[in-house]
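Colleague: Just so it is clear, I am handing over coords.cif, which has mmCIF, C-alpha atoms.
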```cif
data_start
#
loop_
_atom_site.group_PDB
_atom_site.id
_atom_site.type_symbol
_atom_site.label_atom_id
_atom_site.label_comp_id
_atom_site.auth_asym_id
_atom_site.auth_seq_id
_atom_site.Cartn_x
_atom_site.Cartn_y
_atom_site.Cartn_z
ATOM 1 C CA MET A 1 77.559 -1.995 -35.599
ATOM 2 C CA ARG A 2 74.705 -1.469 -33.237
ATOM 3 C CA LYS A 3 73.093 -4.717 -34.252
ATOM 4 C CA THR A 4 76.338 -6.549 -33.703
ATOM 5 C CA THR A 5 76.714 -5.020 -30.239
ATOM 6 C CA VAL A 6 73.156 -5.955 -29.264
ATOM 7 C CA VAL A 7 73.603 -9.506 -30.560
ATOM 8 C CA CYS A 8 76.894 -9.864 -28.708
ATOM 9 C CA CYS A 9 75.332 -8.573 -25.490
ATOM 10 C CA LEU A 10 72.408 -10.971 -25.814
ATOM 11 C CA LEU A 11 74.771 -13.846 -26.541
ATOM 12 C CA PHE A 12 76.917 -12.909 -23.537
ATOM 13 C CA PHE A 13 73.902 -12.714 -21.175
ATOM 14 C CA SER A 14 72.442 -16.010 -22.413
ATOM 15 C CA LEU A 15 75.791 -17.788 -21.927
ATOM 16 C CA PHE A 16 76.192 -16.186 -18.495
ATOM 17 C CA PHE A 17 72.724 -17.293 -17.276
ATOM 18 C CA ALA A 18 73.058 -20.736 -18.868
ATOM 19 C CA SER A 19 76.328 -21.373 -17.047
ATOM 20 C CA ARG A 20 74.788 -20.204 -13.733
ATOM 21 C CA SER A 21 71.817 -22.510 -14.312
ATOM 22 C CA LEU A 22 74.124 -25.471 -14.986
ATOM 23 C CA ALA A 23 76.166 -24.627 -11.903
ATOM 24 C CA GLN A 24 73.011 -24.583 -9.760
ATOM 25 C CA GLU A 25 71.810 -27.925 -11.177
ATOM 26 C CA SER A 26 75.151 -29.563 -10.451
ATOM 27 C CA ALA A 27 75.072 -28.157 -6.896
ATOM 28 C CA ASP A 28 71.543 -29.581 -6.429
ATOM 29 C CA THR A 29 72.619 -33.014 -7.648
ATOM 30 C CA GLN A 30 75.571 -32.941 -5.281
ATOM 31 C CA GLN A 31 73.279 -32.112 -2.345
ATOM 32 C CA ALA A 32 70.686 -34.780 -3.189
ATOM 33 C CA PRO A 33 72.813 -37.742 -2.063
ATOM 34 C CA LYS A 34 73.473 -35.986 1.237
ATOM 35 C CA THR A 35 69.764 -35.865 2.072
ATOM 36 C CA GLN A 36 69.391 -39.532 1.161
ATOM 37 C CA ASP A 37 72.311 -40.479 3.404
ATOM 38 C CA VAL A 38 70.481 -39.186 6.480
ATOM 39 C CA ALA A 39 69.876 -42.175 8.754
ATOM 40 C CA LYS A 40 66.255 -43.010 9.446
ATOM 41 C CA PRO A 41 65.445 -44.007 13.016
ATOM 42 C CA ALA A 42 65.588 -47.758 13.456
ATOM 43 C CA LYS A 43 62.196 -49.409 13.747
ATOM 44 C CA PRO A 44 61.941 -51.363 16.999
ATOM 45 C CA PRO A 45 61.701 -55.131 16.544
ATOM 46 C CA ALA A 46 58.295 -56.756 16.863
ATOM 47 C CA HIS A 47 57.568 -58.626 20.061
ATOM 48 C CA PHE A 48 54.712 -61.020 20.705
ATOM 49 C CA TYR A 49 52.698 -61.289 23.897
ATOM 50 C CA ARG A 50 49.996 -63.603 25.202
ATOM 51 C CA LEU A 51 47.215 -61.544 26.754
ATOM 52 C CA ASP A 52 45.110 -63.233 29.438
ATOM 53 C CA PHE A 53 41.848 -61.469 30.289
ATOM 54 C CA VAL A 54 40.050 -62.513 33.480
ATOM 55 C CA VAL A 55 36.530 -61.232 34.085
ATOM 56 C CA GLU A 56 35.821 -61.484 37.801
ATOM 57 C CA GLU A 57 32.521 -61.055 39.581
ATOM 58 C CA LEU A 58 33.234 -59.936 43.129
ATOM 59 C CA GLY A 59 30.951 -60.335 46.129
ATOM 60 C CA SER A 60 30.159 -57.586 48.639
ATOM 61 C CA ASP A 61 33.301 -58.625 50.564
ATOM 62 C CA GLY A 62 35.497 -57.983 47.472
ATOM 63 C CA LYS A 63 36.358 -61.662 46.975
ATOM 64 C CA PRO A 64 35.802 -63.367 43.585
ATOM 65 C CA VAL A 65 32.595 -65.415 43.364
ATOM 66 C CA ASN A 66 32.919 -66.205 39.649
ATOM 67 C CA SER A 67 35.589 -65.718 36.982
ATOM 68 C CA ARG A 68 36.052 -66.434 33.300
ATOM 69 C CA THR A 69 39.353 -66.403 31.386
ATOM 70 C CA TYR A 70 39.997 -65.431 27.742
ATOM 71 C CA SER A 71 43.430 -65.607 26.070
ATOM 72 C CA THR A 72 44.908 -64.453 22.790
ATOM 73 C CA ALA A 73 48.169 -63.185 21.276
ATOM 74 C CA ILE A 74 49.160 -59.691 20.130
ATOM 75 C CA SER A 75 52.156 -58.272 18.272
ATOM 76 C CA THR A 76 53.778 -54.861 18.671
ATOM 77 C CA GLU A 77 54.434 -54.736 14.925
ATOM 78 C CA ASN A 78 52.426 -52.270 12.801
ATOM 79 C CA TYR A 79 49.984 -51.625 15.636
ATOM 80 C CA ASN A 80 47.957 -54.766 14.904
ATOM 81 C CA THR A 81 44.380 -55.259 16.112
ATOM 82 C CA MET A 82 43.151 -58.235 18.123
ATOM 83 C CA SER A 83 39.532 -59.132 18.899
ATOM 84 C CA ILE A 84 37.806 -61.728 21.079
ATOM 85 C CA ARG A 85 34.102 -62.411 20.601
ATOM 86 C CA THR A 86 32.280 -64.990 22.685
ATOM 87 C CA GLY A 87 28.644 -65.296 23.633
ATOM 88 C CA SER A 88 25.153 -66.384 22.652
ATOM 89 C CA ARG A 89 22.395 -64.987 20.488
ATOM 90 C CA ILE A 90 19.286 -64.719 22.664
ATOM 91 C CA PRO A 91 15.828 -64.572 20.995
ATOM 92 C CA ILE A 92 13.556 -61.819 22.261
ATOM 93 C CA ALA A 93 9.869 -61.915 21.284
ATOM 94 C CA THR A 94 8.965 -58.621 19.600
ATOM 95 C CA GLY A 95 5.487 -59.337 18.308
ATOM 96 C CA ALA A 96 2.971 -61.840 17.063
ATOM 97 C CA PHE A 97 0.778 -62.057 13.994
ATOM 98 C CA ASP A 98 -2.042 -64.274 12.799
ATOM 99 C CA LYS A 99 -1.312 -66.217 9.623
ATOM 100 C CA ASN A 100 -3.956 -68.642 8.378
ATOM 101 C CA GLN A 101 -5.510 -68.844 11.842
ATOM 102 C CA GLN A 102 -2.151 -69.738 13.424
ATOM 103 C CA VAL A 103 -0.332 -67.321 15.690
ATOM 104 C CA SER A 104 3.324 -66.806 14.762
ATOM 105 C CA THR A 105 5.759 -64.980 16.974
ATOM 106 C CA GLN A 106 8.411 -62.580 15.689
ATOM 107 C CA TYR A 107 11.844 -62.549 17.338
ATOM 108 C CA GLN A 108 14.774 -60.231 17.481
ATOM 109 C CA TYR A 109 18.141 -61.717 18.473
ATOM 110 C CA LEU A 110 20.506 -59.976 20.904
ATOM 111 C CA ASP A 111 24.201 -60.808 21.267
ATOM 112 C CA ILE A 112 24.992 -61.527 24.918
ATOM 113 C CA GLY A 113 28.557 -62.256 26.002
ATOM 114 C CA VAL A 114 32.080 -60.837 26.149
ATOM 115 C CA ASN A 115 33.917 -58.719 23.568
ATOM 116 C CA PHE A 116 37.513 -57.487 23.785
ATOM 117 C CA ASP A 117 39.328 -55.297 21.230
ATOM 118 C CA VAL A 118 43.028 -54.452 21.545
ATOM 119 C CA ARG A 119 44.711 -51.913 19.240
ATOM 120 C CA ASN A 120 48.067 -50.126 18.964
ATOM 121 C CA ALA A 121 50.104 -52.382 21.263
ATOM 122 C CA HIS A 122 53.614 -51.095 21.881
ATOM 123 C CA GLU A 123 56.261 -51.290 24.553
ATOM 124 C CA VAL A 124 57.038 -48.401 26.884
ATOM 125 C CA ASP A 125 60.167 -49.238 28.889
ATOM 126 C CA HIS A 126 59.267 -52.524 30.643
ATOM 127 C CA GLU A 127 55.512 -52.129 30.264
ATOM 128 C CA LEU A 128 52.979 -52.772 27.518
ATOM 129 C CA SER A 129 50.632 -50.025 26.341
ATOM 130 C CA PHE A 130 47.540 -50.574 24.201
ATOM 131 C CA ASP A 131 44.027 -49.284 23.551
ATOM 132 C CA LEU A 132 41.478 -51.626 25.124
ATOM 133 C CA THR A 133 37.732 -51.875 24.676
ATOM 134 C CA ALA A 134 35.887 -54.376 26.893
ATOM 135 C CA GLU A 135 32.167 -55.055 26.650
ATOM 136 C CA LEU A 136 30.391 -57.492 28.974
ATOM 137 C CA SER A 137 26.688 -58.291 28.772
ATOM 138 C CA SER A 138 24.562 -60.860 30.565
ATOM 139 C CA LEU A 139 20.965 -61.712 31.322
ATOM 140 C CA GLY A 140 19.657 -60.464 34.648
ATOM 141 C CA GLU A 141 16.609 -61.464 36.631
ATOM 142 C CA PRO A 142 13.480 -59.685 35.337
ATOM 143 C CA ASN A 143 11.860 -57.246 37.740
ATOM 144 C CA ASP A 144 8.376 -58.263 36.566
ATOM 145 C CA ALA A 145 7.981 -62.016 36.095
ATOM 146 C CA ALA A 146 4.669 -61.509 34.260
ATOM 147 C CA ALA A 147 6.335 -59.480 31.495
ATOM 148 C CA HIS A 148 8.511 -62.420 30.360
ATOM 149 C CA GLN A 149 11.111 -60.033 28.973
ATOM 150 C CA PRO A 150 14.752 -60.439 29.961
ATOM 151 C CA VAL A 151 16.820 -57.753 31.611
ATOM 152 C CA ILE A 152 20.179 -57.161 29.895
ATOM 153 C CA ARG A 153 23.092 -56.132 32.141
ATOM 154 C CA GLN A 154 25.964 -54.341 30.356
ATOM 155 C CA ASN A 155 29.394 -53.024 31.265
ATOM 156 C CA ARG A 156 31.464 -51.233 28.633
ATOM 157 C CA TRP A 157 34.899 -49.681 29.096
ATOM 158 C CA GLN A 158 37.306 -48.081 26.652
ATOM 159 C CA ALA A 159 40.716 -46.638 27.546
ATOM 160 C CA ALA A 160 44.424 -46.563 26.783
ATOM 161 C CA VAL A 161 46.066 -48.808 29.373
ATOM 162 C CA LEU A 162 49.657 -49.337 30.520
ATOM 163 C CA ILE A 163 50.374 -52.594 32.331
ATOM 164 C CA PRO A 164 53.584 -54.135 33.681
ATOM 165 C CA ILE A 165 54.727 -57.141 31.667
ATOM 166 C CA GLY A 166 54.162 -60.442 33.485
ATOM 167 C CA LYS A 167 51.986 -59.020 36.276
ATOM 168 C CA ALA A 168 48.191 -59.377 36.574
ATOM 169 C CA THR A 169 46.678 -55.877 36.587
ATOM 170 C CA ALA A 170 43.064 -54.821 37.140
ATOM 171 C CA VAL A 171 42.334 -52.360 34.324
ATOM 172 C CA PHE A 172 38.570 -51.864 34.722
ATOM 173 C CA LYS A 173 36.217 -52.176 37.683
ATOM 174 C CA SER A 174 32.602 -51.139 38.297
ATOM 175 C CA ASP A 175 29.929 -51.717 40.913
ATOM 176 C CA ASP A 176 26.912 -53.837 40.055
ATOM 177 C CA LEU A 177 23.695 -51.859 39.862
ATOM 178 C CA ASP A 178 21.459 -54.505 41.433
ATOM 179 C CA SER A 179 23.747 -55.864 44.199
ATOM 180 C CA LYS A 180 26.592 -54.838 46.487
ATOM 181 C CA GLY A 181 29.089 -56.734 44.364
ATOM 182 C CA SER A 182 31.251 -55.528 41.495
ATOM 183 C CA THR A 183 32.836 -56.657 38.234
ATOM 184 C CA GLN A 184 36.444 -56.197 37.167
ATOM 185 C CA VAL A 185 38.692 -57.036 34.211
ATOM 186 C CA VAL A 186 42.236 -58.199 34.987
ATOM 187 C CA VAL A 187 44.865 -58.389 32.204
ATOM 188 C CA THR A 188 48.235 -60.162 32.177
ATOM 189 C CA ALA A 189 50.756 -59.729 29.329
ATOM 190 C CA THR A 190 53.273 -62.593 29.050
ATOM 191 C CA PRO A 191 56.120 -62.446 26.484
ATOM 192 C CA VAL A 192 56.061 -65.243 23.901
ATOM 193 C CA GLN A 193 59.572 -66.655 23.456
#
```
Let me see the file written as structure tokens.
Modeller:
Amino acid sequence: MRKTTVVCCLLFFSLFFASRSLAQESADTQQAPKTQDVAKPAKPPAHFYRLDFVVEELGSDGKPVNSRTYSTAISTENYNTMSIRTGSRIPIATGAFDKNQQVSTQYQYLDIGVNFDVRNAHEVDHELSFDLTAELSSLGEPNDAAAHQPVIRQNRWQAAVLIPIGKATAVFKSDDLDSKGSTQVVVTATPVQ
């Protein structure tokens, strides 16, 4: 009789816990669709913009004496990256060696020009925000004409910028080191229809 009672108790407990387990599983499956029905925030539509970069050299009076324009397009979708590379490779003599009684010169090449990188473009109200890196380099007049080595002038800026759409905005500006003038970068974002 004892064995029968123990077996019955075990059978009762196993049926009791099995039914509770099944009840919990069915409750979980009923809750699963509810979590999937939660609306995800709508992804904003992609917009395209033409970016015009103007590099201006300003005189001591603040008026432009020289300017160069660079244009490209950018999208607000998936935080795309845009790059502009323009310039020249300048040979710089780094040494000379004698080979079979002839002197040969060794050169190293430097990239001189303008580089722009734009990342993470997105709209903020009626303005365009993006991460901008601008690098400008040029050849300057050598201080010692006998040395025959060029002087490289460089300006490099990197920042997150916010500009109004359709309006030219100066985003970077710096004084020249060897004159009373300055250099600035002006950006205009125009929507592409």
Colleague: Apply the PyMOL selection byres ((chain A and resi 117) around 12) to the displayed file and report the matching residues as JSON, numbers by chain.
Modeller: {"A": [51, 53, 72, 73, 74, 80, 81, 82, 83, 84, 85, 114, 115, 116, 118, 119, 120, 121, 130, 131, 132, 133, 134, 135, 156, 157, 158, 159, 160]}
Colleague: Between atom CA of A:Tyr70 and atom CA of A:Ile92, measure the distance and give it in Å to one decimal.
Modeller: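 Those two atoms sit 27.2 Å apart.
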Colleague: What are the closest atom pairs, with distances in Å to one decimal, for each residue of stretch 59-127 of chain A lying within 12 Å of stretch 168-178 of chain A, using all atoms listed in the file, rows by chain and rising residue number, as JSON lines?
Modeller:
```
{"residue": "A:Gly59", "atom": "CA", "partner": "A:Asp176", "partner_atom": "CA", "distance": 9.8}
{"residue": "A:Ser60", "atom": "CA", "partner": "A:Asp175", "partner_atom": "CA", "distance": 9.7}
{"residue": "A:Gly62", "atom": "CA", "partner": "A:Asp175", "partner_atom": "CA", "distance": 10.6}
{"residue": "A:Glu127", "atom": "CA", "partner": "A:Thr169", "partner_atom": "CA", "distance": 11.5}
```
Colleague: Kindly compute an axis-aligned box around the listed atoms of stretch 39-57 of chain A, allowing 4 Å on each side, and express its centre and edge lengths in Å to one decimal as AutoDock Vina command-line options.
Modeller:
```
--center_x 51.2 --center_y -52.9 --center_z 24.2 --size_x 45.4 --size_y 29.4 --size_z 38.8
```
Colleague: What separation in Å, quoted to one decimal, exists between atom CA of A:Val187 and atom CA of A:Ser138?
Modeller: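 Calculated distance between atom CA of A:Val187 and atom CA of A:Ser138 is 20.5 Å.
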Colleague: How would stretch 150-182 of chain A look written as a CSV table (one decimal), in the first residue's frame with N, CA and C atoms?
Modeller:
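Ended up saving to result-v4.csv:
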```csv
chain,number,residue,atom,x,y,z
A,150,PRO,N,61.5,73.1,-50.9
A,150,PRO,CA,60.2,73.8,-50.8
A,150,PRO,C,59.7,73.9,-49.4
A,151,VAL,N,58.9,74.9,-49.1
A,151,VAL,CA,58.2,75.1,-47.9
A,151,VAL,C,56.8,74.6,-48.1
A,152,ILE,N,56.3,73.7,-47.3
A,152,ILE,CA,54.9,73.2,-47.4
A,152,ILE,C,54.0,73.9,-46.4
A,153,ARG,N,53.0,74.6,-46.9
A,153,ARG,CA,52.0,75.3,-46.0
A,153,ARG,C,50.8,74.3,-45.9
A,154,GLN,N,50.3,74.1,-44.6
A,154,GLN,CA,49.2,73.2,-44.4
A,154,GLN,C,48.2,73.8,-43.5
A,155,ASN,N,46.9,73.6,-43.8
A,155,ASN,CA,45.8,73.9,-42.9
A,155,ASN,C,45.0,72.6,-42.8
A,156,ARG,N,44.6,72.2,-41.6
A,156,ARG,CA,43.8,71.0,-41.4
A,156,ARG,C,42.8,71.3,-40.3
A,157,TRP,N,41.5,71.0,-40.6
A,157,TRP,CA,40.4,71.2,-39.7
A,157,TRP,C,39.6,69.9,-39.6
A,158,GLN,N,39.0,69.7,-38.5
A,158,GLN,CA,38.1,68.5,-38.4
A,158,GLN,C,37.1,68.9,-37.3
A,159,ALA,N,35.8,68.8,-37.7
A,159,ALA,CA,34.7,69.2,-36.7
A,159,ALA,C,33.4,68.6,-37.2
A,160,ALA,N,32.4,68.6,-36.3
A,160,ALA,CA,31.0,68.3,-36.6
A,160,ALA,C,30.5,69.7,-36.9
A,161,VAL,N,29.8,69.9,-38.1
A,161,VAL,CA,29.3,71.2,-38.5
A,161,VAL,C,27.8,71.1,-38.7
A,162,LEU,N,27.1,72.2,-38.5
A,162,LEU,CA,25.7,72.3,-38.7
A,162,LEU,C,25.5,73.6,-39.5
A,163,ILE,N,25.0,73.4,-40.8
A,163,ILE,CA,24.8,74.6,-41.7
A,163,ILE,C,23.4,74.7,-42.1
A,164,PRO,N,22.9,75.9,-42.4
A,164,PRO,CA,21.6,76.1,-42.9
A,164,PRO,C,21.6,75.6,-44.4
A,165,ILE,N,20.5,75.0,-44.8
A,165,ILE,CA,20.4,74.5,-46.1
A,165,ILE,C,20.1,75.6,-47.1
A,166,GLY,N,20.9,75.7,-48.1
A,166,GLY,CA,20.8,76.7,-49.2
A,166,GLY,C,21.5,78.0,-48.9
A,167,LYS,N,22.3,78.1,-47.8
A,167,LYS,CA,23.0,79.3,-47.4
A,167,LYS,C,24.5,79.0,-47.3
A,168,ALA,N,25.3,79.9,-48.0
A,168,ALA,CA,26.8,79.7,-47.9
A,168,ALA,C,27.2,80.1,-46.4
A,169,THR,N,28.0,79.1,-45.9
A,169,THR,CA,28.4,79.3,-44.5
A,169,THR,C,29.9,79.0,-44.3
A,170,ALA,N,30.6,80.0,-43.7
A,170,ALA,CA,32.0,79.7,-43.4
A,170,ALA,C,32.1,78.8,-42.3
A,171,VAL,N,32.8,77.6,-42.5
A,171,VAL,CA,32.9,76.6,-41.4
A,171,VAL,C,34.3,76.6,-40.8
A,172,PHE,N,35.3,77.0,-41.5
A,172,PHE,CA,36.6,77.0,-41.0
A,172,PHE,C,37.3,78.3,-41.4
A,173,LYS,N,38.2,78.8,-40.6
A,173,LYS,CA,39.0,80.0,-41.0
A,173,LYS,C,40.2,80.0,-40.1
A,174,SER,N,41.3,80.4,-40.7
A,174,SER,CA,42.6,80.5,-39.9
A,174,SER,C,43.5,81.6,-40.6
A,175,ASP,N,44.3,82.2,-39.8
A,175,ASP,CA,45.2,83.3,-40.2
A,175,ASP,C,46.4,82.6,-40.9
A,176,ASP,N,47.0,83.2,-41.9
A,176,ASP,CA,48.2,82.7,-42.5
A,176,ASP,C,49.3,83.0,-41.6
A,177,LEU,N,50.3,82.1,-41.6
A,177,LEU,CA,51.5,82.3,-40.7
A,177,LEU,C,52.5,83.3,-41.3
A,178,ASP,N,52.5,83.4,-42.6
A,178,ASP,CA,53.6,84.3,-43.2
A,178,ASP,C,53.1,85.6,-43.8
A,179,SER,N,51.8,85.9,-43.6
A,179,SER,CA,51.2,87.2,-44.1
A,179,SER,C,50.1,87.6,-43.2
A,180,LYS,N,49.5,88.7,-43.5
A,180,LYS,CA,48.4,89.2,-42.7
A,180,LYS,C,47.1,88.8,-43.2
A,181,GLY,N,47.1,87.9,-44.2
A,181,GLY,CA,45.9,87.4,-44.8
A,181,GLY,C,45.4,86.2,-44.0
A,182,SER,N,44.3,85.5,-44.5
A,182,SER,CA,43.8,84.3,-43.9
A,182,SER,C,43.2,83.4,-45.0
```
